[in-house]
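> For reference, the file start28.tsv (TSV, C-alpha atoms) is included below:
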```tsv
chain	number	residue	atom	x	y	z
P	1	MET	CA	2.88	25.85	15.30
P	2	ALA	CA	6.55	25.28	14.49
P	3	GLU	CA	8.79	28.06	15.70
P	4	PRO	CA	10.46	30.36	13.13
P	5	LEU	CA	14.21	30.77	13.30
P	6	GLN	CA	15.52	33.79	15.21
P	7	ASP	CA	18.33	34.31	12.73
P	8	PRO	CA	17.36	32.70	9.42
P	9	LEU	CA	20.27	34.31	7.56
P	10	ALA	CA	22.78	32.43	9.70
P	11	CYS	CA	21.06	29.14	8.95
P	12	PRO	CA	23.36	26.82	6.97
P	13	VAL	CA	20.54	25.03	5.11
P	14	ARG	CA	17.83	26.23	2.83
P	15	GLU	CA	14.76	25.30	4.84
P	16	ASP	CA	11.19	25.92	3.76
P	17	LEU	CA	9.07	25.89	6.87
P	18	ARG	CA	5.83	26.57	5.04
P	19	PHE	CA	6.38	23.62	2.76
P	20	GLN	CA	7.49	21.48	5.70
P	21	LYS	CA	4.28	22.28	7.57
P	22	VAL	CA	2.25	21.19	4.54
P	23	MET	CA	4.26	17.96	4.35
P	24	TRP	CA	3.71	17.27	8.06
P	25	LEU	CA	0.00	17.79	7.51
P	26	ILE	CA	0.00	15.46	4.49
P	27	GLU	CA	2.00	12.94	6.53
P	28	ARG	CA	-0.66	12.91	9.22
P	29	MET	CA	-3.47	12.68	6.69
P	30	GLY	CA	-1.57	9.74	5.15
P	31	TRP	CA	-1.52	7.97	8.51
P	32	ILE	CA	-5.28	8.39	8.77
P	33	ALA	CA	-5.62	7.04	5.22
P	34	MET	CA	-3.44	4.05	6.11
P	35	ALA	CA	-5.57	3.38	9.21
P	36	MET	CA	-8.68	3.57	7.01
P	37	ILE	CA	-7.16	1.05	4.57
P	38	VAL	CA	-6.50	-1.36	7.43
P	39	ALA	CA	-10.04	-0.81	8.79
P	40	ALA	CA	-11.52	-1.36	5.33
P	41	ALA	CA	-9.52	-4.56	4.95
P	42	MET	CA	-10.73	-5.77	8.36
P	43	ALA	CA	-14.32	-4.98	7.37
P	44	GLY	CA	-13.95	-7.01	4.19
P	45	LEU	CA	-14.19	-4.05	1.84
P	46	LEU	CA	-10.93	-5.02	0.15
P	47	GLY	CA	-11.88	-8.65	-0.42
P	48	GLY	CA	-11.02	-11.74	1.55
P	49	PRO	CA	-13.26	-14.09	3.52
P	50	THR	CA	-15.10	-11.30	5.36
P	51	ALA	CA	-16.53	-9.95	2.09
P	52	ARG	CA	-19.18	-12.70	1.96
P	53	LYS	CA	-22.55	-12.05	0.39
P	54	GLU	CA	-25.54	-14.19	-0.43
P	55	THR	CA	-28.01	-14.08	-3.28
P	56	ARG	CA	-30.97	-16.12	-4.54
P	57	ASP	CA	-32.85	-16.48	-7.78
P	58	ALA	CA	-36.51	-15.41	-8.03
P	59	SER	CA	-37.86	-18.91	-7.36
P	60	GLY	CA	-35.56	-19.40	-4.38
P	61	ARG	CA	-34.19	-22.66	-5.79
P	62	VAL	CA	-30.66	-21.34	-6.35
P	63	HIS	CA	-28.81	-19.95	-3.39
P	64	VAL	CA	-25.32	-18.55	-3.96
P	65	GLU	CA	-22.75	-17.52	-1.38
P	66	TYR	CA	-19.85	-15.52	-2.81
P	67	ARG	CA	-17.36	-12.78	-2.10
P	68	ARG	CA	-18.65	-9.34	-3.00
P	69	PHE	CA	-15.09	-7.98	-3.19
P	70	GLN	CA	-12.37	-10.09	-4.68
P	71	ARG	CA	-8.76	-9.61	-5.68
P	72	HIS	CA	-7.21	-10.08	-9.05
P	73	LEU	CA	-5.67	-13.57	-9.38
P	74	ASP	CA	-6.75	-14.55	-5.85
P	75	PRO	CA	-8.84	-17.76	-5.99
P	76	ALA	CA	-12.31	-17.45	-4.49
P	77	ALA	CA	-15.15	-19.92	-4.08
P	78	LEU	CA	-18.78	-19.70	-5.09
P	79	ARG	CA	-20.90	-21.93	-2.86
P	80	LEU	CA	-24.20	-22.94	-4.39
P	81	LYS	CA	-27.17	-24.66	-2.83
P	82	ILE	CA	-29.63	-25.95	-5.39
P	83	ASP	CA	-33.12	-27.17	-4.63
P	84	THR	CA	-33.29	-30.02	-7.14
P	85	GLN	CA	-36.95	-30.79	-6.35
P	86	GLY	CA	-36.13	-34.47	-6.45
P	87	GLN	CA	-34.81	-34.43	-9.98
P	88	SER	CA	-31.85	-36.69	-10.67
P	89	LEU	CA	-30.38	-34.28	-13.22
P	90	PHE	CA	-30.25	-30.51	-13.27
P	91	GLU	CA	-28.52	-27.91	-15.40
P	92	LEU	CA	-26.91	-24.70	-14.25
P	93	THR	CA	-26.04	-21.74	-16.44
P	94	ILE	CA	-23.13	-19.55	-15.37
P	95	GLY	CA	-23.73	-16.17	-17.01
P	96	LYS	CA	-21.46	-15.20	-19.88
P	97	ASP	CA	-19.85	-12.19	-18.15
P	98	LEU	CA	-19.18	-14.21	-15.04
P	99	ALA	CA	-17.76	-17.16	-16.98
P	100	GLN	CA	-15.47	-14.86	-18.95
P	101	ALA	CA	-14.25	-12.89	-15.95
P	102	PHE	CA	-13.14	-15.95	-14.00
P	103	GLU	CA	-10.84	-18.80	-14.79
P	104	ILE	CA	-12.66	-21.76	-13.27
P	105	ARG	CA	-10.18	-23.96	-11.42
P	106	SER	CA	-12.46	-26.58	-9.94
P	107	VAL	CA	-16.09	-27.60	-9.66
P	108	VAL	CA	-17.06	-29.98	-6.84
P	109	PRO	CA	-18.89	-32.24	-7.49
P	110	ALA	CA	-17.70	-32.40	-11.07
P	111	PRO	CA	-20.47	-31.81	-13.62
P	112	ILE	CA	-21.26	-34.75	-15.86
P	113	GLU	CA	-21.27	-32.41	-18.82
P	114	MET	CA	-20.10	-28.88	-19.62
P	115	GLN	CA	-21.05	-26.89	-22.69
P	116	ALA	CA	-20.36	-23.45	-24.04
P	117	HIS	CA	-23.76	-21.86	-24.43
P	118	ALA	CA	-24.95	-18.59	-25.96
P	119	GLY	CA	-25.89	-17.35	-22.49
P	120	GLY	CA	-22.73	-18.57	-20.83
P	121	LEU	CA	-21.45	-21.84	-19.49
P	122	LEU	CA	-23.88	-24.75	-19.11
P	123	MET	CA	-23.11	-27.40	-16.51
P	124	LYS	CA	-25.12	-30.57	-16.09
P	125	PHE	CA	-25.08	-32.26	-12.68
P	126	ALA	CA	-26.40	-35.54	-11.35
P	127	ALA	CA	-28.20	-35.27	-8.01
P	128	SER	CA	-28.87	-37.86	-5.30
P	129	PRO	CA	-28.72	-41.02	-7.35
P	130	ASP	CA	-29.85	-43.05	-4.35
P	131	PRO	CA	-33.47	-42.26	-3.41
P	132	ALA	CA	-33.03	-44.14	-0.14
P	133	SER	CA	-30.20	-41.87	0.94
P	134	PRO	CA	-30.92	-39.83	4.07
P	135	ASP	CA	-29.55	-36.81	2.21
P	136	ASN	CA	-32.34	-37.04	-0.31
P	137	GLY	CA	-34.47	-33.90	-0.35
P	138	LEU	CA	-31.66	-31.66	0.94
P	139	PRO	CA	-30.36	-29.04	-1.46
P	140	ALA	CA	-27.45	-30.07	-3.67
P	141	GLU	CA	-24.30	-28.24	-2.74
P	142	ILE	CA	-21.77	-27.23	-5.38
P	143	VAL	CA	-18.50	-25.38	-4.86
P	144	ILE	CA	-16.96	-23.58	-7.82
P	145	VAL	CA	-13.47	-22.16	-7.32
P	146	GLY	CA	-12.49	-19.46	-9.78
P	147	ILE	CA	-9.65	-17.01	-10.22
P	148	PRO	CA	-10.61	-13.45	-11.21
P	149	ASP	CA	-8.91	-12.83	-14.54
P	150	ARG	CA	-9.22	-9.06	-14.67
P	151	PRO	CA	-9.80	-6.22	-12.23
P	152	GLY	CA	-13.04	-4.27	-12.26
P	153	ARG	CA	-16.72	-4.82	-11.76
P	154	VAL	CA	-18.28	-8.11	-12.82
P	155	ALA	CA	-22.03	-8.48	-12.89
P	156	GLY	CA	-23.61	-11.75	-13.89
P	157	GLY	CA	-25.89	-14.48	-12.77
P	158	ILE	CA	-26.23	-18.18	-12.06
P	159	ALA	CA	-29.47	-19.89	-12.97
P	160	LEU	CA	-31.11	-23.22	-13.33
P	161	PHE	CA	-31.48	-23.73	-17.05
P	162	GLY	CA	-34.28	-21.59	-18.44
P	163	GLU	CA	-34.99	-19.76	-15.19
P	164	THR	CA	-34.27	-16.27	-13.92
P	165	PRO	CA	-30.68	-16.07	-12.64
P	166	ALA	CA	-29.53	-15.28	-9.11
P	167	PRO	CA	-27.70	-11.96	-9.62
P	168	LEU	CA	-24.07	-11.62	-8.58
P	169	ASP	CA	-22.31	-8.30	-8.32
P	170	ILE	CA	-18.58	-8.61	-7.76
P	171	PHE	CA	-15.82	-6.04	-7.66
P	172	VAL	CA	-12.33	-7.32	-8.37
P	173	TYR	CA	-9.50	-5.22	-6.92
P	174	PRO	CA	-6.24	-5.04	-8.93
F	1	MET	CA	2.60	-4.68	-20.14
F	2	ASP	CA	1.04	-6.07	-16.99
F	3	ALA	CA	4.44	-6.49	-15.31
F	4	VAL	CA	5.42	-2.90	-16.18
F	5	LEU	CA	2.22	-1.48	-14.70
F	6	ARG	CA	2.49	-3.64	-11.61
F	7	ALA	CA	6.13	-2.68	-11.04
F	8	ALA	CA	5.31	1.00	-11.55
F	9	ALA	CA	2.35	0.77	-9.13
F	10	VAL	CA	4.51	-0.94	-6.50
F	11	TYR	CA	7.25	1.70	-6.94
F	12	PHE	CA	4.85	4.56	-6.29
F	13	ILE	CA	3.01	2.79	-3.46
F	14	LEU	CA	6.34	2.19	-1.71
F	15	LEU	CA	7.43	5.75	-2.43
F	16	ILE	CA	4.27	7.12	-0.81
F	17	ALA	CA	4.48	4.69	2.13
F	18	VAL	CA	8.11	5.57	2.84
F	19	ARG	CA	7.42	9.31	2.55
F	20	LEU	CA	4.42	9.00	4.88
F	21	SER	CA	6.39	7.00	7.40
F	22	GLY	CA	8.55	10.07	7.91
F	23	ARG	CA	12.26	10.62	7.63
F	24	ARG	CA	13.12	9.19	11.00
F	25	THR	CA	11.50	5.82	10.52
F	26	LEU	CA	13.56	4.13	7.86
F	27	SER	CA	16.67	6.28	7.92
F	28	GLU	CA	18.61	4.66	10.71
F	29	LEU	CA	17.67	1.02	10.56
F	30	THR	CA	17.37	-0.90	13.78
F	31	THR	CA	17.42	-4.69	13.62
F	32	PHE	CA	13.65	-4.75	13.63
F	33	ASP	CA	13.46	-2.10	10.87
F	34	PHE	CA	15.75	-4.28	8.79
F	35	ILE	CA	13.47	-7.29	9.29
F	36	LEU	CA	10.50	-5.07	8.41
F	37	VAL	CA	12.16	-4.09	5.12
F	38	LEU	CA	12.68	-7.76	4.29
F	39	VAL	CA	9.04	-8.57	5.07
F	40	ILE	CA	7.83	-5.62	2.96
F	41	SER	CA	9.97	-6.76	0.02
F	42	GLU	CA	8.50	-10.24	0.34
F	43	ALA	CA	4.95	-8.81	0.41
F	44	VAL	CA	5.37	-6.65	-2.70
F	45	GLN	CA	7.20	-9.33	-4.66
F	46	GLN	CA	3.96	-11.28	-5.12
F	47	GLY	CA	2.12	-8.15	-6.16
F	48	MET	CA	4.69	-7.44	-8.86
F	49	VAL	CA	5.17	-10.83	-10.48
F	50	GLY	CA	2.26	-12.94	-9.17
F	51	ASP	CA	2.73	-16.56	-10.19
F	52	ASP	CA	4.98	-15.67	-13.09
F	53	TYR	CA	8.46	-16.96	-12.35
F	54	SER	CA	9.89	-16.32	-15.81
F	55	LEU	CA	13.22	-14.61	-16.35
F	56	THR	CA	11.51	-12.27	-18.83
F	57	THR	CA	9.12	-10.91	-16.22
F	58	ALA	CA	11.90	-10.58	-13.65
F	59	THR	CA	13.94	-8.60	-16.19
F	60	VAL	CA	10.98	-6.39	-17.13
F	61	VAL	CA	10.24	-5.65	-13.45
F	62	VAL	CA	13.86	-4.82	-12.61
F	63	VAL	CA	14.31	-2.63	-15.69
F	64	THR	CA	11.01	-0.82	-15.01
F	65	LEU	CA	11.94	-0.07	-11.39
F	66	VAL	CA	15.41	1.16	-12.29
F	67	LEU	CA	14.09	3.23	-15.20
F	68	ILE	CA	11.48	4.97	-13.04
F	69	ASP	CA	14.16	5.67	-10.45
F	70	VAL	CA	16.58	7.12	-13.00
F	71	THR	CA	13.81	9.19	-14.62
F	72	LEU	CA	12.74	10.60	-11.27
F	73	SER	CA	16.33	11.43	-10.33
F	74	PHE	CA	16.70	13.39	-13.58
F	75	ALA	CA	13.36	15.10	-13.00
F	76	LYS	CA	14.40	16.01	-9.44
F	77	THR	CA	17.52	17.81	-10.64
F	78	ARG	CA	15.43	19.74	-13.17
F	79	PHE	CA	12.43	20.57	-11.01
F	80	ARG	CA	13.20	21.75	-7.49
F	81	TRP	CA	9.55	21.42	-6.43
F	82	LEU	CA	9.57	17.73	-7.36
F	83	GLU	CA	12.72	17.17	-5.35
F	84	LYS	CA	11.09	18.85	-2.38
F	85	ILE	CA	7.99	16.68	-2.68
F	86	LEU	CA	9.86	13.42	-3.17
F	87	GLU	CA	12.68	13.95	-0.71
F	88	GLY	CA	11.47	16.66	1.62
F	89	VAL	CA	13.41	19.66	2.89
F	90	PRO	CA	15.96	19.92	5.72
F	91	THR	CA	14.54	21.09	9.02
F	92	VAL	CA	16.46	22.97	11.69
F	93	LEU	CA	15.84	21.44	15.12
F	94	VAL	CA	18.28	23.40	17.29
F	95	GLU	CA	19.28	27.03	16.82
F	96	ASN	CA	22.06	28.48	18.97
F	97	GLY	CA	21.51	25.93	21.73
F	98	ARG	CA	17.74	26.45	21.72
F	99	LEU	CA	15.63	23.35	21.10
F	100	LEU	CA	12.85	24.02	18.62
F	101	ARG	CA	10.46	21.69	20.39
F	102	GLU	CA	7.43	22.07	18.17
F	103	ARG	CA	9.49	21.09	15.12
F	104	MET	CA	11.05	18.18	17.02
F	105	LYS	CA	7.61	16.95	18.02
F	106	LYS	CA	6.31	17.11	14.44
F	107	ALA	CA	9.43	15.41	13.09
F	108	ARG	CA	9.33	12.85	15.93
F	109	VAL	CA	12.88	13.60	17.02
F	110	SER	CA	13.81	13.67	20.71
F	111	GLU	CA	16.49	15.65	22.50
F	112	ASP	CA	18.29	12.34	23.08
F	113	ASP	CA	18.41	11.73	19.31
F	114	ILE	CA	19.98	15.13	18.77
F	115	MET	CA	22.50	14.66	21.58
F	116	GLU	CA	23.38	11.22	20.25
F	117	SER	CA	24.27	12.75	16.89
F	118	ALA	CA	26.10	15.60	18.62
F	119	ARG	CA	28.25	13.16	20.60
F	120	GLU	CA	28.82	10.86	17.66
F	121	LEU	CA	29.64	13.49	15.07
F	122	ARG	CA	31.23	16.29	17.09
F	123	GLY	CA	31.95	14.92	20.55
F	124	LEU	CA	29.65	17.55	22.11
F	125	GLU	CA	28.25	17.08	25.60
F	126	ARG	CA	25.63	19.80	26.06
F	127	ILE	CA	22.86	21.26	23.98
F	128	ASP	CA	24.28	24.81	24.35
F	129	GLN	CA	27.39	23.64	22.49
F	130	ILE	CA	25.24	23.18	19.38
F	131	LYS	CA	24.84	26.08	16.99
F	132	PHE	CA	22.56	24.26	14.58
F	133	ALA	CA	21.18	20.72	14.49
F	134	VAL	CA	19.49	19.89	11.21
F	135	LEU	CA	17.27	16.97	10.30
F	136	GLU	CA	18.50	16.31	6.78
F	137	VAL	CA	16.36	15.01	3.91
F	138	GLY	CA	17.89	11.54	4.29
F	139	GLY	CA	16.75	11.40	7.92
F	140	LYS	CA	20.18	11.96	9.43
F	141	ILE	CA	20.72	14.64	12.09
F	142	THR	CA	23.76	16.81	11.40
F	143	VAL	CA	25.25	19.10	13.98
F	144	ILE	CA	27.17	22.35	13.67
F	145	PRO	CA	28.95	23.18	16.92
F	146	ALA	CA	28.81	26.63	18.46
F	147	GLU	CA	31.91	28.66	17.83
F	148	PRO	CA	34.15	29.33	20.81
F	149	ASP	CA	33.55	32.77	22.30
F	150	GLY	CA	36.83	34.09	20.98
F	151	ALA	CA	36.14	32.95	17.46
F	152	ARG	CA	32.59	34.34	17.37
F	153	SER	CA	33.68	37.98	17.32
F	154	PRO	CA	37.21	38.19	16.05
F	155	ALA	CA	39.06	41.34	16.90
F	156	PRO	CA	38.99	43.85	14.06
F	157	ARG	CA	42.29	44.07	12.32
F	158	GLY	CA	43.55	47.56	12.27
F	159	PRO	CA	46.70	48.97	10.70
F	160	SER	CA	49.68	48.06	12.78
F	161	SER	CA	51.62	50.91	14.14
```
Starting from the file, lay out its structure as structure tokens.

Amino acid sequence: MAEPLQDPLACPVREDLRFQKVMWLIERMGWIAMAMIVAAAMAGLLGGPTARKETRDASGRVHVEYRRFQRHLDPAALRLKIDTQGQSLFELTIGKDLAQAFEIRSVVPAPIEMQAHAGGLLMKFAASPDPASPDNGLPAEIVIVGIPDRPGRVAGGIALFGETPAPLDIFVYP
Amino acid sequence: MDAVLRAAAVYFILLIAVRLSGRRTLSELTTFDFILVLVISEAVQQGMVGDDYSLTTATVVVVTLVLIDVTLSFAKTRFRWLEKILEGVPTVLVENGRLLRERMKKARVSEDDIMESARELRGLERIDQIKFAVLEVGGKITVIPAEPDGARSPAPRGPSS
């Protein structure tokens, strides 16, 4: 370890080698911590595009792709694939906790109707108006872009009206 | 309140980052270090104010940062242990011409760095001309030259006859 002074009394400064050694150790531990932060960010543990996760409802009709870790005030998209089973209209319920924790910036395609509902936010969509369309029978795709309003854990669900929701578990970093 | 907390968080994150980077890193700024400081300030600016461009928030952030700084400077004069933690302690790197290599390695200071300071501050040419070289808390290396042989042990003054 670091060498002691041969003549500490002649030393012009008040050094504290024991304390300095502790600080050097903390410094090195800090570098490891910084490397771990970078590694965690690369692995998607601090949010960003690599934090993607998928979930489904019990019936398998609602498929949601979202970011497990998000950052406060950083817009993030929820990508939904809905099996409409040939219906021209369908209704989605965004759970209350989820709807309150995010400020919804855009919904594409735009719902034909939106209502505040006891269980959350109700959105009514029109699906495949043209039965002759080659896209008919494919799941409807909806992209909801929201901004996390507050840091912390947000648990909620997205469901077709009256059905069991697809659970979402999101952590919003400050 | 949000702006105050954000500014305080940024202050302490930067404080920790600068302390962890070591005294040598940001003390004597090279051109690249200077650019790095500018980039860091740009990165934390968003974290402090977000999308809020109001004069009120800017004022709150500036006042918070200055207030924390003033408070810590008062606390440092009162509590020596806090000063040591926040600013570090001076470290002797050369004693009577002897390089304390283990300390230099830990502090990431080379012999060239010491000699550069010795030339710049005292016009010294050799390591044996240095009595003490100290890495100060601000990251600067100060040098105390060795006393000339004659001055080291002055002749005892006796009563003149």
> Kindly indicate which residue among F:Val89, F:Val39, F:Val63, F:Val18 lies nearest to Asp16 in chain P, using all atoms listed in the file for the distances.
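Nearest candidate to Asp16 in chain P out of F:Val89, F:Val39, F:Val63, F:Val18: F:Val89.
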> Determine, counting all atoms listed in the file, which protein, DNA and RNA residues have an atom within 8 Å of an atom of range 50-53 of chain P; residues of the same chain fewer than 3 positions away are not included. Present the result as a PyMOL selection string.
chain P and resi 42-47+65-70
> Show me which bits of chain F are within 6 Å of chain P, counting all atoms listed in the file, as a PDB file with C-alpha atoms, in the frame of the given file.

```
ATOM      1  CA  LEU F  20       4.420   9.000   4.880  1.00  0.00           C
ATOM      2  CA  PRO F  90      15.960  19.920   5.720  1.00  0.00           C
ATOM      3  CA  THR F  91      14.540  21.090   9.020  1.00  0.00           C
ATOM      4  CA  GLU F 102       7.430  22.070  18.170  1.00  0.00           C
ATOM      5  CA  ARG F 103       9.490  21.090  15.120  1.00  0.00           C
TER       6      ARG F 103
END
```
> Padding of 3 Å on every side, edges along x, y and z, all listed atoms of range 27-43 of chain F included: what centre and edge lengths in Å, to one decimal, does that box have, as lines of an AutoDock Vina configuration file?

```
center_x = 11.8
center_y = -2.0
center_z = 6.9
size_x = 19.7
size_y = 22.5
size_z = 19.8
```
> Measuring between all atoms listed in the file, which one of F:Leu72, F:Ile114, F:Val60, F:Ile127 shows the shortest distance to Gly139 in chain F?
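The shortest atom-to-atom distance to Gly139 in chain F comes from F:Ile114.
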> Name all residues at most 7 Å from Leu93 in chain F (count all atoms listed in the file; drop same-chain ones fewer than 4 positions away) and give them as a list in words.
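Contacts, in chain order: Leu99, Leu100, Arg103, Met104, Ala133, Val134 and Leu135 of chain F.
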> How would the residues just chosen look if you wrote them out with C-alpha atoms as an mmCIF file, in the coordinates of the input?

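Okay, selection.cif is ready:
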```cif
data_model
loop_
_atom_site.group_PDB
_atom_site.id
_atom_site.type_symbol
_atom_site.label_atom_id
_atom_site.label_comp_id
_atom_site.auth_asym_id
_atom_site.auth_seq_id
_atom_site.Cartn_x
_atom_site.Cartn_y
_atom_site.Cartn_z
ATOM 1 C CA LEU F 99 15.630 23.350 21.100
ATOM 2 C CA LEU F 100 12.850 24.020 18.620
ATOM 3 C CA ARG F 103 9.490 21.090 15.120
ATOM 4 C CA MET F 104 11.050 18.180 17.020
ATOM 5 C CA ALA F 133 21.180 20.720 14.490
ATOM 6 C CA VAL F 134 19.490 19.890 11.210
ATOM 7 C CA LEU F 135 17.270 16.970 10.300
#
```
> For a quick check of understanding, using all atoms listed in the file, which of P:Val38, P:Leu160, P:Ala166, P:Leu122 has the smallest distance to Lys96 in chain P?
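For Lys96 in chain P, the nearest of the candidates is P:Leu122.
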> Pick the closest to Arg71 in chain P from F:Gly47, F:Thr30, F:Met115, F:Ser110: which is it, counting all atoms listed in the file?
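Looking only at the distances to Arg71 in chain P, the closest residue turns out to be F:Gly47.
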> Can you tell me, as a ChimeraX atom specification, what residues are no more than 10 Å from Thr164 in chain P when counting all atoms listed in the file, ignoring any on the same chain fewer than 2 positions away?
/P:56-59,62,157-162,166-167
